[in-house]
file entry.txt (compact mmCIF, C-alpha atoms)
# COMPACT_ATOMS: atom_id res chain seq x y z
CA LEU A 303 -15.37 -16.11 -45.70
CA LEU A 304 -15.17 -16.22 -49.49
CA TYR A 305 -18.09 -15.10 -51.63
CA PHE A 306 -18.49 -15.58 -55.39
CA PRO A 307 -21.77 -13.83 -56.39
CA TYR A 308 -23.79 -14.62 -59.50
CA THR A 309 -27.36 -14.45 -60.81
CA PRO A 310 -29.08 -17.87 -60.76
CA GLU A 311 -31.56 -16.68 -63.40
CA GLY A 312 -28.72 -16.60 -65.92
CA ILE A 313 -25.35 -15.05 -66.65
CA VAL A 314 -25.13 -12.70 -69.63
CA VAL A 315 -21.97 -12.73 -71.71
CA PRO A 316 -21.64 -10.13 -74.51
CA GLY A 317 -22.42 -11.71 -77.85
CA ALA A 318 -23.95 -14.87 -76.37
CA PRO A 319 -27.42 -15.85 -75.10
CA PRO A 320 -27.97 -15.87 -71.29
CA ARG A 321 -26.92 -19.06 -69.50
CA ASN A 322 -29.66 -20.33 -67.18
CA PHE A 323 -28.66 -22.87 -64.54
CA LYS A 324 -32.08 -23.80 -63.13
CA GLU A 325 -32.10 -27.15 -64.94
CA SER A 326 -28.48 -28.28 -64.78
CA LYS A 327 -27.61 -26.83 -61.32
CA PRO A 328 -23.81 -26.93 -61.87
CA GLU A 329 -23.28 -25.30 -58.47
CA GLN A 330 -24.45 -28.51 -56.76
CA TYR A 331 -21.78 -30.58 -58.51
CA ILE A 332 -19.08 -28.01 -57.71
CA LEU A 333 -20.12 -27.79 -54.05
CA SER A 334 -19.94 -31.58 -53.69
CA LEU A 335 -16.28 -31.49 -54.76
CA ILE A 336 -15.32 -28.54 -52.55
CA ASN A 337 -17.06 -30.12 -49.52
CA TYR A 338 -15.49 -33.54 -50.06
CA ARG A 339 -13.33 -34.48 -47.04
CA GLY A 340 -11.54 -37.61 -48.23
CA PRO A 341 -7.86 -38.11 -49.23
CA GLY A 342 -6.52 -35.30 -51.39
CA SER A 343 -9.49 -33.04 -50.68
CA LEU A 344 -9.05 -29.32 -50.11
CA SER A 345 -10.31 -29.72 -46.55
CA ARG A 346 -7.92 -32.59 -45.79
CA VAL A 347 -4.86 -30.73 -47.17
CA LEU A 348 -5.70 -27.57 -45.20
CA ILE A 349 -6.03 -29.59 -41.98
CA GLU A 350 -2.90 -31.68 -42.59
CA ARG A 351 -0.86 -28.52 -43.16
CA GLY A 352 -2.13 -27.08 -39.90
CA TRP A 353 -3.67 -24.12 -41.72
CA ALA A 354 -7.35 -24.68 -40.94
CA THR A 355 -9.73 -26.67 -38.76
CA ARG A 356 -12.81 -26.54 -40.97
CA LEU A 357 -14.01 -25.86 -44.50
CA GLU A 358 -17.65 -25.63 -45.54
CA ALA A 359 -19.18 -24.48 -48.83
CA LYS A 360 -22.82 -23.63 -49.52
CA LEU A 361 -25.05 -21.34 -51.57
CA THR A 362 -26.21 -18.13 -49.91
CA GLU A 363 -29.60 -18.25 -51.64
CA GLU A 364 -30.26 -21.28 -49.41
CA SER A 365 -28.89 -19.77 -46.21
CA GLY A 366 -29.66 -16.05 -46.53
CA ASP A 367 -26.55 -14.14 -45.50
CA LEU A 368 -24.91 -11.83 -48.05
CA CYS A 369 -27.64 -12.11 -50.71
CA GLU A 370 -30.78 -12.55 -48.58
CA ALA A 371 -32.03 -9.05 -49.49
CA SER A 372 -32.00 -9.84 -53.21
CA ASP A 373 -34.13 -12.43 -55.02
CA ASP A 374 -31.95 -12.09 -58.13
CA LEU A 375 -28.55 -12.72 -56.56
CA ALA A 376 -26.90 -15.80 -55.13
CA ALA A 377 -23.32 -16.60 -54.20
CA PHE A 378 -20.98 -19.44 -53.42
CA LYS A 379 -20.03 -19.04 -49.76
CA ILE A 380 -16.90 -20.82 -48.57
CA GLU A 381 -16.09 -20.63 -44.87
CA ILE A 382 -12.54 -21.56 -43.86
CA ARG A 383 -11.56 -21.41 -40.20
CA LEU A 384 -7.84 -20.82 -39.98
CA THR A 385 -5.86 -22.12 -37.01
CA ARG A 386 -4.54 -19.68 -34.42
CA ASN A 387 -0.97 -21.00 -34.80
CA PHE A 388 -1.02 -20.47 -38.56
CA CYS A 389 -2.34 -16.92 -38.20
CA GLU A 390 0.23 -15.99 -35.56
CA ALA A 391 3.12 -17.53 -37.51
CA SER A 392 2.22 -16.20 -40.97
CA GLY A 393 0.36 -12.98 -40.23
CA GLU A 394 -1.54 -11.50 -43.14
CA ARG A 395 0.26 -13.85 -45.53
CA ALA A 396 -1.91 -16.65 -44.10
CA VAL A 397 -4.91 -15.36 -46.07
CA ASP A 398 -2.94 -15.22 -49.33
CA SER A 399 -1.63 -18.77 -48.79
CA GLU A 400 -5.07 -20.17 -48.06
CA LEU A 401 -6.61 -18.41 -51.08
CA GLU A 402 -3.83 -19.64 -53.34
CA LEU A 403 -4.47 -23.25 -52.28
CA PHE A 404 -8.20 -22.75 -52.86
CA PHE A 405 -7.62 -21.53 -56.42
CA HIS A 406 -5.22 -24.42 -56.97
CA PHE A 407 -8.14 -26.74 -56.26
CA LEU A 408 -10.43 -24.86 -58.67
CA HIS A 409 -7.72 -25.02 -61.34
CA LEU A 410 -7.51 -28.79 -60.77
CA MET A 411 -11.28 -29.04 -61.31
CA ARG A 412 -10.98 -27.14 -64.60
CA ARG A 413 -8.03 -29.21 -65.77
CA GLU A 414 -9.52 -32.63 -65.06
CA GLY A 415 -13.06 -31.76 -66.15
CA SER A 416 -16.38 -33.01 -64.80
CA ASP A 417 -17.25 -36.66 -64.27
CA LEU A 418 -20.59 -38.18 -65.30
CA GLU A 419 -20.36 -41.06 -62.85
CA ARG A 420 -19.87 -38.76 -59.88
CA PHE A 421 -22.73 -36.55 -61.10
CA THR A 422 -24.97 -39.64 -61.23
CA THR A 423 -23.95 -40.52 -57.67
CA LEU A 424 -24.88 -37.01 -56.53
CA ALA A 425 -28.17 -37.10 -58.46
CA ASN A 426 -29.14 -40.38 -56.75
CA GLU A 427 -28.37 -38.89 -53.35
CA LYS A 428 -30.54 -35.85 -54.10
CA ARG A 429 -33.38 -38.10 -55.27
CA ALA A 430 -33.23 -40.14 -52.07
CA GLN A 431 -33.32 -36.99 -49.92
CA TRP A 432 -36.14 -35.25 -51.75
CA ASP A 433 -39.71 -35.27 -50.37
CA GLU A 434 -42.74 -35.22 -52.63
CA ALA A 435 -44.79 -33.54 -49.93
CA PRO A 436 -46.48 -30.26 -50.80
CA GLY A 437 -44.26 -27.40 -49.74
CA ASP A 438 -45.31 -24.99 -47.02
CA ASP A 439 -44.22 -21.96 -49.04
CA ALA A 440 -46.82 -21.21 -51.71
CA GLU A 441 -44.77 -18.33 -53.09
CA LYS A 442 -41.85 -20.66 -53.91
CA ILE A 443 -44.20 -23.13 -55.62
CA VAL A 444 -45.65 -20.38 -57.81
CA GLU A 445 -42.14 -19.15 -58.65
CA SER A 446 -41.13 -22.70 -59.58
CA LEU A 447 -43.94 -22.83 -62.16
CA PHE A 448 -42.06 -20.29 -64.29
CA HIS A 449 -39.08 -22.65 -64.59
CA PHE A 450 -40.51 -26.17 -64.09
CA PRO A 451 -43.97 -26.82 -65.52
CA PRO A 452 -46.03 -29.73 -64.10
CA PRO A 453 -45.35 -32.49 -63.27
CA ARG A 454 -41.85 -31.21 -62.32
CA THR A 455 -42.95 -28.10 -60.44
CA MET A 456 -42.24 -29.65 -57.03
CA SER A 457 -39.19 -31.75 -57.87
CA GLY A 458 -37.48 -29.48 -60.42
CA PRO A 459 -35.74 -27.11 -57.96
CA SER A 460 -34.28 -30.02 -55.95
CA LEU A 461 -33.43 -32.88 -58.31
CA LEU A 462 -30.46 -33.13 -60.66
CA ASP A 463 -31.93 -34.29 -63.96
CA LYS A 464 -29.67 -32.63 -66.53
CA TRP A 465 -26.01 -33.47 -67.02
CA SER A 466 -24.25 -30.43 -68.49
CA PRO A 467 -20.43 -30.40 -68.29
CA GLU A 468 -20.56 -27.19 -70.35
CA ASP A 469 -22.47 -25.39 -67.56
CA ILE A 470 -20.05 -26.71 -64.92
CA SER A 471 -17.08 -25.39 -66.92
CA PHE A 472 -18.89 -22.10 -67.53
CA MET A 473 -19.51 -21.65 -63.78
CA LEU A 474 -15.86 -22.38 -62.98
CA ASP A 475 -14.58 -20.02 -65.67
CA ARG A 476 -17.00 -17.12 -65.10
CA VAL A 477 -18.04 -17.21 -61.43
CA LEU A 478 -15.36 -18.90 -59.33
CA THR A 479 -12.55 -16.60 -60.38
CA PRO A 480 -10.16 -14.18 -58.61
CA ASP A 481 -11.92 -11.29 -60.39
CA ASN A 482 -15.29 -12.20 -58.82
CA ILE A 483 -14.32 -12.80 -55.20
CA ILE A 484 -15.34 -10.99 -52.03
CA ALA A 485 -13.13 -12.11 -49.14
CA ILE A 486 -14.06 -11.24 -45.56
CA VAL A 487 -11.39 -11.88 -42.93
CA ALA A 488 -12.29 -11.69 -39.22
CA SER A 489 -9.51 -12.30 -36.70
CA LYS A 490 -8.15 -11.04 -33.39
CA THR A 491 -4.64 -12.33 -34.02
CA LEU A 492 -4.07 -12.09 -37.77
CA PHE A 493 -3.38 -8.35 -37.93
CA SER A 494 -0.64 -6.77 -35.83
CA GLU A 495 -1.18 -3.75 -33.58
CA LYS A 496 1.17 -1.79 -35.80
CA SER A 497 -0.80 -2.49 -38.96
CA ARG A 498 -4.07 -1.46 -37.28
CA THR A 499 -2.72 2.05 -36.68
CA GLN A 500 -2.29 2.71 -40.39
CA LYS A 501 -4.62 5.15 -42.15
CA GLN A 502 -6.63 2.61 -44.14
CA TRP A 503 -8.13 1.20 -40.92
CA LYS A 504 -11.46 2.66 -39.73
CA THR A 505 -13.65 2.23 -36.66
CA GLU A 506 -17.27 1.17 -37.11
CA GLN A 507 -19.55 3.66 -35.31
CA TRP A 508 -21.95 1.35 -33.44
CA TYR A 509 -19.85 -1.54 -32.14
CA LYS A 510 -16.46 0.21 -32.43
CA ILE A 511 -15.03 -2.62 -34.52
CA VAL A 512 -11.80 -1.81 -36.34
CA TYR A 513 -11.93 -2.72 -40.03
CA ARG A 514 -10.51 -1.94 -43.42
CA GLY A 515 -11.27 -2.64 -47.06
CA THR A 516 -8.57 -3.39 -49.62
CA ASN A 517 -8.34 -4.55 -53.21
CA ILE A 518 -6.58 -7.74 -54.19
CA SER A 519 -3.44 -6.90 -56.15
CA SER A 520 -3.32 -7.66 -59.86
CA GLU A 521 -0.19 -9.78 -59.26
CA LEU A 522 -2.03 -12.09 -56.86
CA LYS A 523 -5.05 -12.33 -59.17
CA ALA A 524 -2.82 -13.31 -62.10
CA ARG A 525 -1.09 -15.99 -60.01
CA TRP A 526 -4.37 -17.42 -58.74
CA ARG A 527 -5.96 -17.29 -62.19
CA SER A 528 -3.23 -19.38 -63.81
CA PRO A 529 -1.06 -21.11 -61.21
CA PRO A 530 2.22 -22.43 -62.67
CA ALA A 531 1.63 -25.76 -60.89
CA VAL A 532 -1.06 -27.30 -58.71
CA ASP A 533 -0.22 -28.55 -55.23
CA LYS A 534 0.50 -32.27 -55.70
CA ARG A 535 -1.38 -33.23 -52.55
CA LEU A 536 -4.68 -32.05 -54.02
CA LYS A 537 -6.79 -34.69 -55.76
CA LEU A 538 -10.36 -34.84 -57.00
CA PRO A 539 -12.54 -37.63 -55.62
CA GLY A 540 -13.59 -40.42 -57.95
CA PRO A 541 -17.08 -41.91 -57.99
CA ASN A 542 -18.12 -43.38 -54.65
CA PRO A 543 -17.79 -47.19 -55.10
CA PHE A 544 -20.21 -47.79 -52.22
CA THR A 545 -23.09 -45.80 -53.68
CA ALA A 546 -26.04 -47.67 -55.14
CA GLY A 547 -25.83 -48.26 -58.86
CA GLU A 548 -29.61 -48.50 -59.22
CA MET A 549 -32.40 -46.57 -57.53
CA VAL A 550 -36.05 -47.49 -58.02
CA LYS A 551 -39.10 -45.95 -56.38
CA ILE A 552 -41.25 -48.55 -54.60
CA LYS A 553 -45.02 -48.51 -54.80
CA GLY A 554 -46.66 -48.95 -51.39
CA LYS A 555 -47.86 -52.54 -50.89
CA GLY A 556 -47.33 -53.46 -47.27
CA GLU A 557 -48.81 -52.12 -44.09
CA GLY A 558 -47.88 -48.46 -43.66
CA ASP A 559 -46.29 -48.26 -47.11
CA THR A 560 -49.46 -46.92 -48.80
CA SER A 561 -49.54 -43.80 -46.64
CA PRO A 562 -49.37 -40.66 -48.81
CA LYS A 563 -47.01 -39.20 -46.20
CA ARG A 564 -44.06 -41.42 -47.14
CA SER A 565 -41.75 -42.08 -50.07
CA LEU A 566 -39.87 -45.38 -50.36
CA TYR A 567 -36.89 -46.06 -52.59
CA LYS A 568 -34.92 -49.23 -53.17
CA LEU A 569 -31.19 -48.78 -53.75
CA THR A 570 -29.38 -51.85 -55.00
CA HIS A 571 -25.64 -52.22 -54.53
CA ARG A 572 -23.89 -55.58 -54.88
CA PHE A 573 -25.17 -57.89 -52.13
CA VAL A 574 -26.98 -55.20 -50.14
CA GLU A 575 -30.45 -53.81 -50.70
CA LEU A 576 -31.22 -50.51 -49.00
CA ILE A 577 -34.75 -49.28 -48.40
CA VAL A 578 -34.68 -45.50 -48.01
CA GLN A 579 -37.78 -44.08 -46.39
CA ARG A 580 -38.65 -40.41 -46.41
CA SER A 581 -41.36 -38.92 -44.17
CA TYR A 582 -43.04 -35.71 -45.29
CA TYR A 583 -43.36 -34.45 -41.75
CA ASP A 584 -40.01 -35.55 -40.37
CA VAL A 585 -38.75 -32.31 -38.83
CA SER A 586 -35.14 -33.48 -38.74
CA GLY A 587 -35.17 -34.35 -42.44
CA ALA A 588 -33.17 -37.51 -41.73
CA VAL A 589 -33.05 -40.51 -44.05
CA LEU A 590 -33.96 -43.83 -42.48
CA VAL A 591 -31.91 -46.64 -44.00
CA VAL A 592 -33.01 -50.22 -43.46
CA LEU A 593 -30.50 -52.91 -44.47
CA THR A 594 -31.88 -56.28 -45.42
CA LEU A 595 -28.69 -58.09 -44.54
CA PRO A 596 -28.76 -61.61 -42.97
CA GLU A 597 -25.62 -60.99 -40.93
CA LEU A 598 -27.06 -57.86 -39.29
CA GLY A 599 -28.47 -59.65 -36.27
CA SER A 600 -25.62 -62.08 -35.69
CA GLY A 601 -23.59 -59.89 -33.32
CA SER A 602 -22.27 -56.47 -32.31
CA ARG A 603 -19.28 -56.72 -34.66
CA GLU A 604 -21.54 -57.17 -37.69
CA GLN A 605 -23.72 -54.24 -36.61
CA PHE A 606 -20.63 -52.08 -36.21
CA MET A 607 -19.39 -53.04 -39.70
CA VAL A 608 -22.79 -52.16 -41.17
CA ASP A 609 -22.58 -48.74 -39.50
CA LEU A 610 -19.19 -48.18 -41.15
CA TYR A 611 -20.65 -49.31 -44.47
CA ILE A 612 -23.41 -46.68 -44.22
CA LYS A 613 -20.79 -44.00 -43.59
CA LEU A 614 -18.96 -45.13 -46.73
CA ILE A 615 -22.17 -44.95 -48.75
CA THR A 616 -22.89 -41.40 -47.61
CA ASP A 617 -19.30 -40.13 -47.98
CA ARG A 618 -19.06 -39.49 -44.23
CA MET A 619 -16.06 -41.71 -43.42
CA ASP A 620 -13.35 -39.48 -41.98
CA GLU A 621 -11.30 -38.97 -38.80
CA THR A 622 -14.24 -37.34 -37.03
CA THR A 623 -16.82 -40.08 -37.64
CA TYR A 624 -14.36 -42.97 -37.29
CA MET A 625 -10.97 -42.58 -35.63
CA ALA A 626 -9.23 -45.58 -37.19
CA SER A 627 -5.96 -44.75 -35.45
CA LYS A 628 -7.57 -45.47 -32.08
CA THR A 629 -8.51 -49.00 -33.16
CA GLY A 630 -5.01 -49.95 -34.29
CA ILE A 631 -5.90 -49.90 -38.01

call {"tool": "encode", "arguments": {"input": "entry.txt", "output": "C-alpha cells"}}
result
Amino acid sequence: LLYFPYTPEGIVVPGAPPRNFKESKPEQYILSLINYRGPGSLSRVLIERGWATRLEAKLTEESGDLCEASDDLAAFKIEIRLTRNFCEASGERAVDSELELFFHFLHLMRREGSDLERFTTLANEKRAQWDEAPGDDAEKIVESLFHFPPPRTMSGPSLLDKWSPEDISFMLDRVLTPDNIIAIVASKTLFSEKSRTQKQWKTEQWYKIVYRGTNISSELKARWRSPPAVDKRLKLPGPNPFTAGEMVKIKGKGEGDTSPKRSLYKLTHRFVELIVQRSYYDVSGAVLVVLTLPELGSGSREQFMVDLYIKLITDRMDETTYMASKTGI
C-alpha cells in the first residue's frame, strides 16, 4: 500500500498563497491515468512482467482508511498486489523495483503534461454518473456550501468543471513525490526468517504480528525523484476515441421521463446515440445505457458487438472483460 497524504483544503508553500483543489480536482485526473489498464499502462506493465496481479488507486477521504479520523487530511492510496513468485525470487528488492516503476510512471506524467481532451472525456463521464438527488448527509451539504454556493452546492463536489493543468502539475510535484510517501508492505514470503530476527523487528502486543519501520534511503529517493530514463513500455493513454463528443441533458417529455427521480442525458458519438438514465434511488449506482441502433435486434452477433462497444466507451476493454485470445483474434 502506498499513501501520499495532503490537505484537500489547500497546500501552503512558503511565499505563495494556498492552493485549493476543490474546484479543479486534479486528483481525479491523476487517478484516471494511474487506474488505466490499457496498453502501456502501469497496471499492464506490472502484470506482463509478472510482478503484480492488481493495481488500484483511490482517495482515502472517499474510503476512510488512513485518514478517516481527520476531516482535514486526505491521501492518494495505491494498492499493488505483488505476485508470490516475484516476492520469493526478488525478496525485499521486489518492493524497491515496484516503487521505482511507479515513480517512472509519475515522471512520465510530468514530462508529457496534462491533456485537455482526456480531461473533457473524464468530465463527461463524471457528469453522466452524477445524481441530482438530494443527498442523505445533511452535514456534507452544509459543508459544501462553504466551497460551492448555490446552484452548484450539490454538483460542485462531484463534477469536473475547471480545467487547471497548473494544479495537476502542482499535485504531481508537491504530493506524489518520494519525500511524501508512506509505504506499507504486508507479506508472509517477502521477508526471510533471518531478516526477521534482526533488532529492528518488533512484535505487536495484541495480535503478535512481527513488524518493523524503516526510512527510505536518500539514494533511492534521489533515483525515484529524477530517474535517468523512463521504462519504454510505459505509455500514457490518449483520449478515448469511443467516448461521446457531445453530452446534453434531456428534459422529460415522454412517459416516465418527467419523474423528478430520474436524470436523462443524451450522448452523441458518430452514428450512435446513447441515452444515459440515472435513478436517484438506484442502490447499485449503475448507469443504464440504451442504444438506439437499428442493427441491435438483428441477431446475437450484433448484440455481442454492441456489448463490446459499450466496454470500449467506458474504458473497460481488457483481458478480464474480454479474452480476445480465446476467440482466435

call {"tool": "atom_distance", "arguments": {"input": "entry.txt", "atom1": "atom CA of A:Pro459", "atom2": "atom CA of A:Arg420"}}
result
19.8 Å

call {"tool": "atom_distance", "arguments": {"input": "entry.txt", "atom1": "atom CA of A:Leu361", "atom2": "atom CA of A:Pro341"}}
result
24.1 Å

call {"tool": "atom_distance", "arguments": {"input": "entry.txt", "atom1": "atom CA of A:Gly540", "atom2": "atom CA of A:Phe405"}}
result
19.9 Å

call {"tool": "closest_residue", "arguments": {"input": "entry.txt", "among": "A:Gly415, A:Pro539, A:Pro480, A:Pro467", "to": "A:Ala524", "atoms": "only C-alpha atoms"}}
result
A:Pro480

call {"tool": "closest_residue", "arguments": {"input": "entry.txt", "among": "A:Glu400, A:Glu506, A:Glu419, A:Asp469", "to": "A:Lys327", "atoms": "all atoms listed in the file"}}
result
A:Asp469

call {"tool": "closest_residue", "arguments": {"input": "entry.txt", "among": "A:Trp526, A:Val487, A:Ala359, A:Ser446", "to": "A:Ala396", "atoms": "all atoms listed in the file"}}
result
A:Val487

call {"tool": "residues_around", "arguments": {"input": "entry.txt", "residues": "stretch 329-338 of chain A", "least_positions_apart": "5", "cutoff": "8 Å", "atoms": "all atoms listed in the file", "output": "list in words"}}
result
Ser343, Leu344, Ser345, Leu357, Glu358, Ala359, Lys360, Phe421, Leu424, Ile470, Met473, Leu538, Pro539 and Asp617 of chain A
